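Novice: Structure: target.cif, mmCIF, C-alpha atoms and all ligand atoms.
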data_query
loop_
_atom_site.label_atom_id
_atom_site.label_comp_id
_atom_site.auth_asym_id
_atom_site.auth_seq_id
_atom_site.Cartn_x
_atom_site.Cartn_y
_atom_site.Cartn_z
CA MET E 1 -4.89 19.38 44.19
CA ALA E 2 -5.81 23.04 44.05
CA ASN E 3 -3.94 25.19 41.47
CA ALA E 4 -2.41 22.16 39.73
CA GLN E 5 -0.92 23.22 36.38
CA PRO E 6 -2.36 21.76 33.15
CA PHE E 7 -0.27 18.77 32.12
CA SER E 8 1.39 18.54 28.72
CA PHE E 9 2.50 15.20 27.28
CA GLU E 10 4.99 16.91 24.93
CA ALA E 11 7.96 15.82 27.03
CA SER E 12 6.63 12.28 27.54
CA PHE E 13 6.62 10.79 24.05
CA SER E 14 8.73 7.75 23.22
CA SER E 15 11.73 8.52 21.02
CA SER E 16 10.34 6.06 18.45
CA VAL E 17 7.12 8.05 17.94
CA PRO E 18 7.07 10.02 14.68
CA PRO E 19 6.34 13.77 14.81
CA ALA E 20 2.74 14.96 14.50
CA ARG E 21 1.64 15.26 10.88
CA PRO E 22 1.45 18.70 9.27
CA ARG E 23 -2.04 20.09 8.67
CA ALA E 24 -2.09 19.57 4.89
CA ALA E 25 -1.56 15.86 5.40
CA ILE E 26 -4.58 15.63 7.69
CA ARG E 27 -7.13 18.04 6.19
CA ARG E 28 -8.87 16.56 3.19
CA GLY E 29 -9.21 18.60 0.05
CA LYS E 30 -12.35 18.64 -2.11
CA TYR E 31 -10.06 17.23 -4.78
CA ASP E 32 -8.51 14.49 -2.70
CA PHE E 33 -5.72 13.01 -4.77
CA ALA E 34 -3.61 12.41 -1.67
CA VAL E 35 -4.81 9.27 0.09
CA ALA E 36 -5.94 6.01 -1.53
CA TYR E 37 -9.64 6.28 -0.90
CA ALA E 38 -12.27 4.17 -2.59
CA ASP E 39 -14.96 5.60 -4.82
CA PRO E 40 -17.66 6.53 -2.23
CA PRO E 41 -20.76 5.75 -4.36
CA SER E 42 -19.36 2.31 -5.17
CA VAL E 43 -18.87 1.16 -1.58
CA PRO E 44 -21.18 -1.91 -1.61
CA LEU E 45 -23.37 -0.86 1.32
CA ASP E 46 -26.35 -3.09 0.48
CA GLY E 47 -24.17 -6.13 -0.04
CA LEU E 48 -22.30 -5.50 3.20
CA LEU E 49 -25.53 -4.95 5.12
CA ASP E 50 -27.04 -8.20 3.82
CA SER E 51 -23.79 -9.98 4.62
CA LEU E 52 -23.77 -8.67 8.16
CA ALA E 53 -27.43 -9.63 8.66
CA SER E 54 -26.92 -13.15 7.38
CA ALA E 55 -23.76 -13.63 9.44
CA PHE E 56 -25.55 -12.40 12.56
CA GLN E 57 -28.38 -14.80 11.98
CA ASP E 58 -26.01 -17.75 11.55
CA GLU E 59 -23.45 -17.09 14.24
CA GLY E 60 -23.83 -13.61 15.71
CA LYS E 61 -23.88 -15.00 19.24
CA ASP E 62 -20.29 -16.15 18.77
CA LEU E 63 -19.35 -12.50 19.20
CA ALA E 64 -19.61 -13.33 22.90
CA VAL E 65 -16.16 -14.93 22.71
CA TYR E 66 -12.81 -13.68 21.42
CA PRO E 67 -12.06 -14.61 17.83
CA HIS E 68 -9.56 -17.26 16.71
CA PRO E 69 -6.02 -15.81 17.12
CA GLN E 70 -5.38 -16.16 13.35
CA GLY E 71 -8.81 -14.78 12.47
CA TYR E 72 -12.21 -16.22 11.52
CA PRO E 73 -11.49 -19.68 9.97
CA PRO E 74 -14.05 -19.49 7.10
CA LEU E 75 -12.57 -16.13 6.05
CA ARG E 76 -9.09 -17.67 6.04
CA GLU E 77 -10.43 -20.52 3.97
CA TYR E 78 -11.83 -18.05 1.45
CA ILE E 79 -8.54 -16.10 1.38
CA ALA E 80 -6.49 -19.26 0.83
CA GLY E 81 -8.75 -20.23 -2.09
CA LYS E 82 -8.49 -16.76 -3.58
CA LEU E 83 -4.70 -16.73 -3.31
CA GLN E 84 -4.51 -20.17 -4.94
CA ARG E 85 -6.83 -19.11 -7.74
CA ASP E 86 -5.64 -15.55 -8.41
CA ARG E 87 -2.00 -15.49 -7.27
CA ASP E 88 -0.94 -19.13 -7.88
CA MET E 89 0.01 -19.50 -4.23
CA ARG E 90 0.22 -22.88 -2.52
CA VAL E 91 -1.28 -21.88 0.83
CA GLY E 92 -4.00 -23.14 3.13
CA PRO E 93 -6.09 -21.44 5.83
CA ASP E 94 -3.53 -22.27 8.52
CA ASP E 95 -0.88 -20.26 6.66
CA ILE E 96 -2.96 -17.10 6.99
CA MET E 97 -3.50 -14.54 9.72
CA VAL E 98 -6.19 -11.88 9.39
CA GLY E 99 -5.51 -8.34 10.58
CA GLY E 100 -6.60 -4.71 10.51
CA GLY E 101 -6.04 -3.95 6.81
CA SER E 102 -2.63 -4.95 5.53
CA GLY E 103 -1.01 -2.15 7.52
CA GLU E 104 -1.34 -4.07 10.76
CA PRO E 105 0.17 -7.31 9.39
CA ILE E 106 3.04 -5.29 7.90
CA GLY E 107 3.59 -3.65 11.30
CA LEU E 108 3.51 -7.04 13.05
CA LEU E 109 6.05 -8.51 10.65
CA ILE E 110 8.37 -5.53 11.11
CA GLU E 111 8.07 -5.72 14.88
CA THR E 112 8.63 -9.47 14.76
CA LEU E 113 11.73 -9.30 12.56
CA ILE E 114 13.51 -5.96 12.92
CA ASP E 115 16.16 -4.95 15.43
CA PRO E 116 17.69 -1.46 15.31
CA GLY E 117 20.24 -1.24 12.49
CA ASP E 118 18.84 -4.18 10.49
CA VAL E 119 19.06 -3.59 6.75
CA VAL E 120 15.88 -3.71 4.66
CA LEU E 121 16.12 -3.31 0.89
CA THR E 122 13.21 -1.80 -0.95
CA GLU E 123 12.16 -0.07 -4.15
CA ASN E 124 13.64 3.41 -4.68
CA TRP E 125 10.21 5.00 -4.08
CA VAL E 126 7.90 3.01 -1.88
CA TYR E 127 4.77 3.09 0.32
CA GLY E 128 5.35 5.59 3.13
CA GLY E 129 3.32 3.71 5.74
CA THR E 130 5.79 0.84 5.65
CA LEU E 131 8.74 3.27 5.59
CA ASN E 132 7.41 4.99 8.71
CA THR E 133 7.08 1.72 10.59
CA LEU E 134 10.54 0.58 9.50
CA ARG E 135 11.93 3.88 10.77
CA ARG E 136 10.17 3.48 14.10
CA PHE E 137 11.93 0.18 14.56
CA ARG E 138 15.16 1.88 13.41
CA ALA E 139 15.78 -0.27 10.38
CA ASP E 140 18.50 0.79 7.98
CA VAL E 141 16.24 1.20 4.92
CA ARG E 142 18.06 1.19 1.59
CA GLY E 143 16.30 2.09 -1.65
CA VAL E 144 17.26 0.10 -4.75
CA GLU E 145 17.05 1.49 -8.28
CA CYS E 146 13.98 0.44 -10.27
CA ASP E 147 12.80 1.05 -13.81
CA ASP E 148 9.37 0.48 -15.31
CA ASP E 149 9.88 -3.31 -15.07
CA GLY E 150 10.65 -3.31 -11.34
CA PHE E 151 13.90 -3.78 -9.46
CA VAL E 152 16.96 -3.40 -11.69
CA PRO E 153 18.57 -6.81 -11.01
CA ASP E 154 22.18 -5.54 -11.05
CA ALA E 155 21.27 -2.80 -8.59
CA LEU E 156 19.53 -5.30 -6.31
CA GLU E 157 22.50 -7.65 -6.46
CA SER E 158 24.94 -4.80 -5.69
CA ALA E 159 22.83 -3.73 -2.71
CA LEU E 160 22.75 -7.33 -1.44
CA GLN E 161 26.51 -7.72 -1.93
CA LYS E 162 27.23 -4.42 -0.20
CA ALA E 163 25.10 -5.24 2.83
CA VAL E 164 26.47 -8.77 3.11
CA GLY E 165 30.01 -7.37 2.71
CA GLU E 166 29.33 -5.08 5.68
CA GLY E 167 28.27 -8.09 7.73
CA LYS E 168 24.64 -6.91 7.58
CA ARG E 169 22.70 -9.50 5.60
CA PRO E 170 19.36 -7.76 4.94
CA LYS E 171 16.46 -8.92 7.10
CA PHE E 172 14.22 -8.83 4.06
CA ILE E 173 13.50 -7.25 0.71
CA TYR E 174 10.24 -5.28 0.80
CA ALA E 175 8.52 -5.21 -2.60
CA ILE E 176 5.20 -4.01 -4.03
CA PRO E 177 5.54 -5.79 -7.37
CA THR E 178 2.04 -5.21 -8.73
CA PHE E 179 0.90 -1.62 -9.43
CA GLN E 180 3.68 -0.40 -7.27
CA ASN E 181 2.80 2.34 -4.81
CA PRO E 182 3.64 5.08 -5.77
CA GLN E 183 5.21 4.37 -9.17
CA GLY E 184 2.37 2.37 -10.72
CA TRP E 185 4.47 -0.14 -12.71
CA THR E 186 4.14 -3.92 -12.45
CA MET E 187 7.28 -6.02 -12.14
CA THR E 188 7.65 -8.33 -15.13
CA LEU E 189 7.77 -12.11 -14.72
CA GLU E 190 11.47 -12.18 -15.69
CA ARG E 191 12.32 -9.60 -13.05
CA ARG E 192 10.26 -11.45 -10.46
CA GLN E 193 12.16 -14.64 -11.22
CA GLU E 194 15.41 -12.73 -10.88
CA VAL E 195 14.39 -11.18 -7.55
CA VAL E 196 13.43 -14.59 -6.15
CA ARG E 197 16.68 -16.10 -7.47
CA LEU E 198 18.75 -13.35 -5.81
CA SER E 199 16.85 -13.68 -2.56
CA GLN E 200 17.63 -17.42 -2.57
CA GLU E 201 21.26 -16.92 -3.54
CA TYR E 202 21.89 -14.34 -0.83
CA GLY E 203 19.75 -16.01 1.83
CA VAL E 204 17.40 -13.03 2.22
CA PRO E 205 13.61 -13.35 2.55
CA ILE E 206 11.03 -11.18 0.81
CA LEU E 207 7.99 -9.31 2.08
CA GLU E 208 5.60 -9.06 -0.86
CA ASP E 209 2.90 -6.38 -0.50
CA ASP E 210 0.21 -7.19 -3.06
CA CYS E 211 -2.83 -5.10 -2.16
CA TYR E 212 -3.44 -3.79 -5.70
CA ALA E 213 -3.24 -7.08 -7.62
CA ASP E 214 -7.04 -7.35 -8.05
CA LEU E 215 -7.29 -3.94 -9.67
CA ARG E 216 -5.90 -4.67 -13.13
CA PHE E 217 -8.02 -2.98 -15.79
CA GLU E 218 -5.59 -3.47 -18.69
CA GLY E 219 -2.96 -6.03 -19.70
CA GLU E 220 -2.19 -9.49 -18.33
CA ASP E 221 -1.81 -10.63 -14.73
CA VAL E 222 1.69 -11.52 -13.57
CA THR E 223 2.07 -14.24 -10.97
CA SER E 224 3.10 -13.42 -7.40
CA LEU E 225 6.66 -13.57 -6.06
CA HIS E 226 5.29 -16.00 -3.48
CA ALA E 227 4.33 -18.48 -6.23
CA LEU E 228 7.83 -18.37 -7.73
CA ASP E 229 9.52 -19.48 -4.53
CA ASP E 230 9.48 -23.00 -3.18
CA THR E 231 11.76 -22.42 -0.21
CA GLY E 232 9.33 -20.71 2.21
CA ARG E 233 11.11 -17.37 2.18
CA VAL E 234 8.32 -15.12 0.87
CA MET E 235 5.96 -13.46 3.33
CA TYR E 236 2.86 -12.03 1.69
CA VAL E 237 0.37 -9.32 2.70
CA ALA E 238 -2.80 -8.09 1.00
CA SER E 239 -6.00 -6.32 1.90
CA PHE E 240 -9.73 -5.82 1.38
CA SER E 241 -9.19 -2.05 1.62
CA LYS E 242 -8.81 -1.49 -2.11
CA ILE E 243 -11.49 -3.95 -3.23
CA ILE E 244 -14.20 -3.26 -0.62
CA ALA E 245 -13.23 -0.15 1.37
CA PRO E 246 -10.45 0.93 3.74
CA GLY E 247 -13.05 1.52 6.46
CA VAL E 248 -13.70 -2.21 6.89
CA ARG E 249 -10.07 -2.57 8.12
CA MET E 250 -9.58 -6.14 6.96
CA GLY E 251 -6.39 -7.51 5.49
CA TYR E 252 -4.11 -10.50 5.98
CA MET E 253 -0.69 -12.03 5.81
CA ALA E 254 0.42 -15.43 4.56
CA ALA E 255 3.69 -16.51 6.11
CA PRO E 256 5.63 -19.60 7.21
CA PRO E 257 4.35 -21.15 10.48
CA GLU E 258 7.27 -19.96 12.61
CA VAL E 259 6.69 -16.37 11.50
CA LEU E 260 2.94 -16.57 12.05
CA SER E 261 3.29 -17.91 15.56
CA ARG E 262 5.83 -15.21 16.56
CA ALA E 263 3.70 -12.51 14.93
CA GLN E 264 0.75 -13.75 16.97
CA SER E 265 2.72 -13.32 20.14
CA VAL E 266 3.45 -9.71 19.13
CA LYS E 267 -0.17 -8.89 18.30
CA GLN E 268 -2.18 -7.15 21.02
CA GLY E 269 -5.90 -6.83 21.43
CA GLY E 270 -7.62 -10.22 21.24
CA GLY E 271 -7.56 -11.02 17.52
CA ALA E 272 -8.92 -9.35 14.40
CA ASN E 273 -12.29 -7.58 14.38
CA GLN E 274 -14.81 -10.42 14.17
CA LEU E 275 -17.72 -8.18 13.14
CA ALA E 276 -15.76 -7.09 10.08
CA ALA E 277 -14.47 -10.62 9.43
CA LEU E 278 -17.98 -12.12 9.43
CA THR E 279 -19.25 -9.40 7.11
CA VAL E 280 -16.31 -9.57 4.72
CA HIS E 281 -16.52 -13.36 4.59
CA ARG E 282 -20.21 -13.39 3.64
CA TYR E 283 -19.68 -10.59 1.13
CA ALA E 284 -16.54 -12.12 -0.35
CA THR E 285 -18.34 -15.41 -0.94
CA SER E 286 -21.31 -13.69 -2.63
CA GLY E 287 -20.91 -10.31 -4.33
CA LEU E 288 -17.21 -9.46 -4.27
CA GLU E 289 -16.15 -10.81 -7.67
CA ASP E 290 -18.83 -8.80 -9.50
CA HIS E 291 -17.97 -5.78 -7.41
CA ILE E 292 -14.29 -5.99 -8.38
CA GLY E 293 -15.36 -6.10 -12.04
CA ASP E 294 -17.37 -2.88 -11.55
CA LEU E 295 -14.53 -1.22 -9.66
CA LYS E 296 -12.07 -1.91 -12.45
CA ASN E 297 -14.34 -0.16 -14.96
CA ILE E 298 -14.73 2.82 -12.64
CA LEU E 299 -10.99 3.05 -12.02
CA ARG E 300 -10.15 2.80 -15.73
CA THR E 301 -12.48 5.72 -16.47
CA LYS E 302 -10.93 7.76 -13.67
CA ARG E 303 -7.39 6.94 -14.71
CA ASP E 304 -8.24 8.08 -18.24
CA ALA E 305 -9.74 11.30 -16.86
CA MET E 306 -6.60 12.02 -14.87
CA LEU E 307 -4.26 11.23 -17.78
CA ALA E 308 -6.27 13.52 -20.04
CA ALA E 309 -6.33 16.30 -17.44
CA LEU E 310 -2.58 16.04 -16.90
CA GLY E 311 -2.01 16.22 -20.65
CA GLU E 312 -4.21 19.30 -20.95
CA ASN E 313 -2.79 21.16 -17.97
CA PHE E 314 0.81 20.07 -17.52
CA GLY E 315 1.79 19.60 -21.15
CA SER E 316 5.52 19.11 -21.42
CA ALA E 317 6.27 20.68 -18.03
CA ALA E 318 6.02 17.29 -16.29
CA THR E 319 6.21 13.57 -17.01
CA TRP E 320 3.91 10.97 -15.49
CA SER E 321 3.17 7.25 -15.46
CA ARG E 322 0.37 5.41 -17.26
CA PRO E 323 -0.60 2.56 -14.91
CA GLU E 324 -2.53 -0.50 -16.14
CA GLY E 325 -4.24 -0.85 -12.79
CA GLY E 326 -4.17 0.26 -9.18
CA MET E 327 -5.02 3.79 -8.13
CA TYR E 328 -2.04 6.07 -8.65
CA ILE E 329 -0.27 8.26 -11.15
CA TRP E 330 3.33 9.13 -10.35
CA GLY E 331 4.62 12.36 -11.78
CA ARG E 332 7.85 14.28 -12.00
CA LEU E 333 8.61 17.96 -12.42
CA PRO E 334 12.10 19.13 -13.38
CA GLU E 335 14.86 18.97 -10.76
CA GLY E 336 14.64 21.99 -8.45
CA ALA E 337 10.82 22.17 -8.34
CA ASP E 338 9.74 21.97 -4.70
CA LEU E 339 6.30 20.42 -4.34
CA VAL E 340 6.69 20.20 -0.56
CA SER E 341 6.90 23.96 -0.09
CA VAL E 342 3.67 24.55 -2.05
CA GLN E 343 1.63 21.67 -0.61
CA GLN E 344 -0.17 23.91 1.90
CA LYS E 345 -0.77 26.63 -0.69
CA VAL E 346 -2.22 24.11 -3.14
CA MET E 347 -4.55 22.91 -0.36
CA ASP E 348 -5.55 26.44 0.69
CA ASP E 349 -5.93 27.98 -2.77
CA ALA E 350 -7.07 25.01 -4.87
CA ASP E 351 -8.52 22.58 -2.30
CA VAL E 352 -6.30 19.89 -3.81
CA GLY E 353 -4.50 17.23 -1.78
CA TYR E 354 -1.52 15.33 -3.19
CA HIS E 355 1.55 13.55 -1.93
CA THR E 356 5.12 14.43 -2.77
CA GLY E 357 7.95 12.03 -3.49
CA VAL E 358 9.50 12.75 -0.09
CA GLN E 359 6.77 10.65 1.54
CA TYR E 360 7.95 7.69 -0.56
CA SER E 361 11.71 8.08 -0.43
CA PRO E 362 13.65 5.65 1.72
CA ASP E 363 16.07 8.46 2.67
CA GLY E 364 13.14 10.67 3.75
CA VAL E 365 14.49 13.79 2.02
CA SER E 366 14.73 13.34 -1.74
CA GLY E 367 11.74 13.50 -4.08
CA LYS E 368 10.54 17.11 -3.71
CA ASN E 369 9.95 17.34 -7.45
CA TYR E 370 7.83 14.14 -7.58
CA PHE E 371 4.10 13.87 -6.95
CA ARG E 372 1.65 11.02 -6.48
CA LEU E 373 -1.98 11.51 -7.45
CA CYS E 374 -4.66 8.97 -6.48
CA PHE E 375 -7.53 8.82 -8.96
CA GLY E 376 -9.75 6.56 -6.81
CA TYR E 377 -11.88 9.04 -4.90
CA ASN E 378 -13.14 11.92 -7.04
CA THR E 379 -15.48 11.76 -10.03
CA PRO E 380 -13.97 12.14 -13.53
CA GLU E 381 -15.37 15.72 -13.68
CA GLU E 382 -13.80 16.58 -10.33
CA ILE E 383 -10.54 15.02 -11.47
CA HIS E 384 -10.50 17.38 -14.47
CA GLU E 385 -11.29 20.39 -12.27
CA GLY E 386 -8.83 19.46 -9.53
CA VAL E 387 -5.90 18.77 -11.86
CA ALA E 388 -6.53 22.12 -13.60
CA LYS E 389 -6.55 23.93 -10.26
CA PHE E 390 -3.42 22.11 -9.14
CA ALA E 391 -1.63 23.14 -12.32
CA GLU E 392 -2.81 26.72 -11.95
CA VAL E 393 -1.21 27.08 -8.52
CA LEU E 394 2.01 25.42 -9.68
CA ASP E 395 2.09 27.69 -12.71
CA GLY E 396 1.62 30.72 -10.46
CA GLU E 397 4.66 29.53 -8.53
CA GLY E 398 6.68 29.32 -11.73
CA MET E 399 6.95 25.53 -11.63
CA LEU E 400 5.40 24.69 -14.98
CA ARG E 401 7.63 26.75 -17.21
CA GLY E 402 9.92 24.68 -19.24
C1 LIG M 1 1.32 -0.74 -0.71
C2 LIG M 1 0.40 -0.60 0.46
N1 LIG M 1 0.48 -1.47 1.46
C3 LIG M 1 -0.32 -1.39 2.53
C4 LIG M 1 -1.26 -0.39 2.64
C5 LIG M 1 -2.11 -0.35 3.87
O1 LIG M 1 -3.46 -0.35 3.58
P1 LIG M 1 -4.55 -1.11 4.47
O2 LIG M 1 -4.00 -1.22 5.84
O3 LIG M 1 -5.76 -0.26 4.38
O4 LIG M 1 -4.72 -2.45 3.83
C6 LIG M 1 -1.37 0.56 1.62
C7 LIG M 1 -2.34 1.66 1.71
O5 LIG M 1 -2.48 2.50 0.86
C8 LIG M 1 -0.52 0.45 0.49
O6 LIG M 1 -0.58 1.29 -0.52
#
Represent the structure contained in this file as structure tokens.

Specialist:
Amino acid sequence: MANAQPFSFEASFSSSVPPARPRAAIRRGKYDFAVAYADPPSVPLDGLLDSLASAFQDEGKDLAVYPHPQGYPPLREYIAGKLQRDRDMRVGPDDIMVGGGSGEPIGLLIETLIDPGDVVLTENWVYGGTLNTLRRFRADVRGVECDDDGFVPDALESALQKAVGEGKRPKFIYAIPTFQNPQGWTMTLERRQEVVRLSQEYGVPILEDDCYADLRFEGEDVTSLHALDDTGRVMYVASFSKIIAPGVRMGYMAAPPEVLSRAQSVKQGGGANQLAALTVHRYATSGLEDHIGDLKNILRTKRDAMLAALGENFGSAATWSRPEGGMYIWGRLPEGADLVSVQQKVMDDADVGYHTGVQYSPDGVSGKNYFRLCFGYNTPEEIHEGVAKFAEVLDGEGMLRG
């Protein structure tokens, strides 16, 4: 039609769609402490290329058909073996469904289980991707007090009692018990036992998000929540993003059969990416264990660089965590400091990206004086430079005095 006006979709979006992200959250700084990226030089390109070539030779022509709805069976077999060996889980390949990272399985489980108003209990600061999806499905997300050992059991029990008393038995407890994102702590065995006991007593399942468990560079492993339960109430998700690279988009869930089959009916798009699954399977069964060993050394060095840089530049003006694994340091400035208002300035003036506590708060508003720094991406030298520049801008804004 002649003279038709340009169309804008602004008025067409579903009410469940979150607002567009602000620029600072999208642009990447030179010092990218914001998102959990891998160390670029350590992405195992040669190993992945060899894996792809060998998989193509063996069964590349199978790409002509859609993959198995739960994902490539040999990869599920590998995953089941790994979970038995590393996380003490009693699972087999049929208990597993492969997906696009762990984000997709988390999204499928939320879509499968959540109706508007359903209560979900979670750690007081917790991974924003899951919070965003829970909000989209209009869950009533309630943060529960944690300390450096994980959920405070009395606080978890009170939250369970309160919800049950309101006639709203929580749909599940969402927990990241190992190298918690963003707080960095690992829930102790005693606390894990307590969480599983409470979930059994109150008839509430658990969604355990365990994507950092392979990245311990200090201390002793603690078994999974899944292994501590023998009643089939723990759903489990993990990923290859942190141990190979996020770009491969491969992760998985382990869940009871009735959950898996309903989650499959929710999933769109003809199964998980078979090209990635073939590659990850060949790589996982050849070079991955050695690679994880290398990654842990790299991450330890980077964590140490970031801790040293924080000590040199923030002194007593902030407090921060000292994680034994994973990729994050969680910091706190005094009450009243507003790290949200300076996020753009820090990006523009210092080329530094970081996340604030608001992105991790179940209420979506508190946490302006908290920051999360990922030490996975930059080199130790860049970490020193970037933390110094970050502190300089904050100091200029009067946030590091006293
Ligand atoms: C706790 C947690 N769960 C899930 C994810 C999703 O990652 P992916 O989909 O790449 O596995 C992340 C990403 O940072 C995360 O930190």

Novice: Using only C-alpha atoms and all ligand atoms, what table do you get, as a Markdown table, when you list each residue of chain E with an atom no more than 6 Å from ligand LIG 1 (chain M), its nearest pair of atoms, and their distance in Å rounded to one decimal, rows by chain then rising number?

Specialist:
| residue | atom | partner | partner_atom | distance |
| --- | --- | --- | --- | --- |
| E:Ala36 | CA | M:LIG1 | O5 | 5.5 |
| E:Gly101 | CA | M:LIG1 | O2 | 3.5 |
| E:Ser102 | CA | M:LIG1 | O4 | 3.7 |
| E:Gly103 | CA | M:LIG1 | O2 | 3.6 |
| E:Tyr127 | CA | M:LIG1 | C1 | 5.3 |
| E:Asn181 | CA | M:LIG1 | C1 | 5.3 |
| E:Asp209 | CA | M:LIG1 | N1 | 5.8 |
| E:Ser239 | CA | M:LIG1 | O4 | 4.5 |
| E:Ser241 | CA | M:LIG1 | O3 | 4.8 |
| E:Pro246 | CA | M:LIG1 | O3 | 4.9 |
| E:Gly251 | CA | M:LIG1 | O4 | 5.6 |

Novice: Give me, please, the distance in Å between atom CA of E:Lys345 and atom CA of E:Asp395, quoted to one decimal.

Specialist: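 Interatomic distance, atom CA of E:Lys345 to atom CA of E:Asp395: 12.4 Å.
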
Novice: Go through E:Ala53, E:Leu339, E:Ala159, E:Met250 one by one, measure the shortest atom-to-atom distance of each to E:Ala277 using only C-alpha atoms, and give the residue with the smallest value.

Specialist: E:Met250

Novice: Can you find the residues with an atom no farther than 12 Å from (7.9, -18.1, -6.0), counting all atoms listed in the file, and report them as a PDB file with C-alpha atoms, keeping the file's coordinate frame?

Specialist:
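Output saved as selection.pdb:
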ATOM      1  CA  ARG E  87      -2.000 -15.490  -7.270  1.00  0.00           C
ATOM      2  CA  ASP E  88      -0.940 -19.130  -7.880  1.00  0.00           C
ATOM      3  CA  MET E  89       0.010 -19.500  -4.230  1.00  0.00           C
ATOM      4  CA  ARG E  90       0.220 -22.880  -2.520  1.00  0.00           C
ATOM      5  CA  LEU E 189       7.770 -12.110 -14.720  1.00  0.00           C
ATOM      6  CA  GLU E 190      11.470 -12.180 -15.690  1.00  0.00           C
ATOM      7  CA  ARG E 191      12.320  -9.600 -13.050  1.00  0.00           C
ATOM      8  CA  ARG E 192      10.260 -11.450 -10.460  1.00  0.00           C
ATOM      9  CA  GLN E 193      12.160 -14.640 -11.220  1.00  0.00           C
ATOM     10  CA  GLU E 194      15.410 -12.730 -10.880  1.00  0.00           C
ATOM     11  CA  VAL E 195      14.390 -11.180  -7.550  1.00  0.00           C
ATOM     12  CA  VAL E 196      13.430 -14.590  -6.150  1.00  0.00           C
ATOM     13  CA  ARG E 197      16.680 -16.100  -7.470  1.00  0.00           C
ATOM     14  CA  LEU E 198      18.750 -13.350  -5.810  1.00  0.00           C
ATOM     15  CA  SER E 199      16.850 -13.680  -2.560  1.00  0.00           C
ATOM     16  CA  GLN E 200      17.630 -17.420  -2.570  1.00  0.00           C
ATOM     17  CA  PRO E 205      13.610 -13.350   2.550  1.00  0.00           C
ATOM     18  CA  ILE E 206      11.030 -11.180   0.810  1.00  0.00           C
ATOM     19  CA  LEU E 207       7.990  -9.310   2.080  1.00  0.00           C
ATOM     20  CA  GLU E 208       5.600  -9.060  -0.860  1.00  0.00           C
ATOM     21  CA  VAL E 222       1.690 -11.520 -13.570  1.00  0.00           C
ATOM     22  CA  THR E 223       2.070 -14.240 -10.970  1.00  0.00           C
ATOM     23  CA  SER E 224       3.100 -13.420  -7.400  1.00  0.00           C
ATOM     24  CA  LEU E 225       6.660 -13.570  -6.060  1.00  0.00           C
ATOM     25  CA  HIS E 226       5.290 -16.000  -3.480  1.00  0.00           C
ATOM     26  CA  ALA E 227       4.330 -18.480  -6.230  1.00  0.00           C
ATOM     27  CA  LEU E 228       7.830 -18.370  -7.730  1.00  0.00           C
ATOM     28  CA  ASP E 229       9.520 -19.480  -4.530  1.00  0.00           C
ATOM     29  CA  ASP E 230       9.480 -23.000  -3.180  1.00  0.00           C
ATOM     30  CA  THR E 231      11.760 -22.420  -0.210  1.00  0.00           C
ATOM     31  CA  GLY E 232       9.330 -20.710   2.210  1.00  0.00           C
ATOM     32  CA  ARG E 233      11.110 -17.370   2.180  1.00  0.00           C
ATOM     33  CA  VAL E 234       8.320 -15.120   0.870  1.00  0.00           C
ATOM     34  CA  MET E 235       5.960 -13.460   3.330  1.00  0.00           C
ATOM     35  CA  TYR E 236       2.860 -12.030   1.690  1.00  0.00           C
TER      36      TYR E 236
END

Novice: Check the smallest atom-to-atom distance from each of E:Ile298, E:Cys211, E:Ala11, E:Ala4 to E:Ala175 using only C-alpha atoms, then report the winner.

Specialist: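 Smallest separation from E:Ala175 among the options: E:Cys211.
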
Novice: Please provide as a list in words all residues within 9 Å of stretch 281-290 of chain E, with the sequence filter that same-chain residues fewer than 5 positions apart are discarded (counting only C-alpha atoms).

Specialist: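 After dropping sequence-adjacent residues, the list is Pro44, Gly47, Leu48, Asp50, Ser51, Leu52, Ser54, Ala55, Tyr72, Pro74, Leu75, Arg76, Tyr78, Ile243, Ile244, Ala276 and Leu295 of chain E.
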
Novice: Could stretch 345-351 of chain E be completed with N, CA and C atoms and written as a PDB file, in the coordinates of the input, please?

Specialist:
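Listing of result.pdb after writing:
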ATOM      1  N   LYS E 345      -0.161  25.624   0.189  1.00  0.00           N
ATOM      2  CA  LYS E 345      -0.770  26.630  -0.690  1.00  0.00           C
ATOM      3  C   LYS E 345      -1.745  25.966  -1.673  1.00  0.00           C
ATOM      4  N   VAL E 346      -1.342  24.829  -2.201  1.00  0.00           N
ATOM      5  CA  VAL E 346      -2.220  24.110  -3.140  1.00  0.00           C
ATOM      6  C   VAL E 346      -3.507  23.690  -2.406  1.00  0.00           C
ATOM      7  N   MET E 347      -3.355  23.273  -1.148  1.00  0.00           N
ATOM      8  CA  MET E 347      -4.550  22.910  -0.360  1.00  0.00           C
ATOM      9  C   MET E 347      -5.410  24.139  -0.099  1.00  0.00           C
ATOM     10  N   ASP E 348      -4.782  25.236   0.330  1.00  0.00           N
ATOM     11  CA  ASP E 348      -5.550  26.440   0.690  1.00  0.00           C
ATOM     12  C   ASP E 348      -6.197  27.094  -0.538  1.00  0.00           C
ATOM     13  N   ASP E 349      -5.432  27.216  -1.612  1.00  0.00           N
ATOM     14  CA  ASP E 349      -5.930  27.980  -2.770  1.00  0.00           C
ATOM     15  C   ASP E 349      -6.761  27.121  -3.726  1.00  0.00           C
ATOM     16  N   ALA E 350      -6.412  25.835  -3.846  1.00  0.00           N
ATOM     17  CA  ALA E 350      -7.070  25.010  -4.870  1.00  0.00           C
ATOM     18  C   ALA E 350      -7.906  23.878  -4.279  1.00  0.00           C
ATOM     19  N   ASP E 351      -7.801  23.671  -2.949  1.00  0.00           N
ATOM     20  CA  ASP E 351      -8.520  22.580  -2.300  1.00  0.00           C
ATOM     21  C   ASP E 351      -8.092  21.210  -2.858  1.00  0.00           C
TER      22      ASP E 351
END
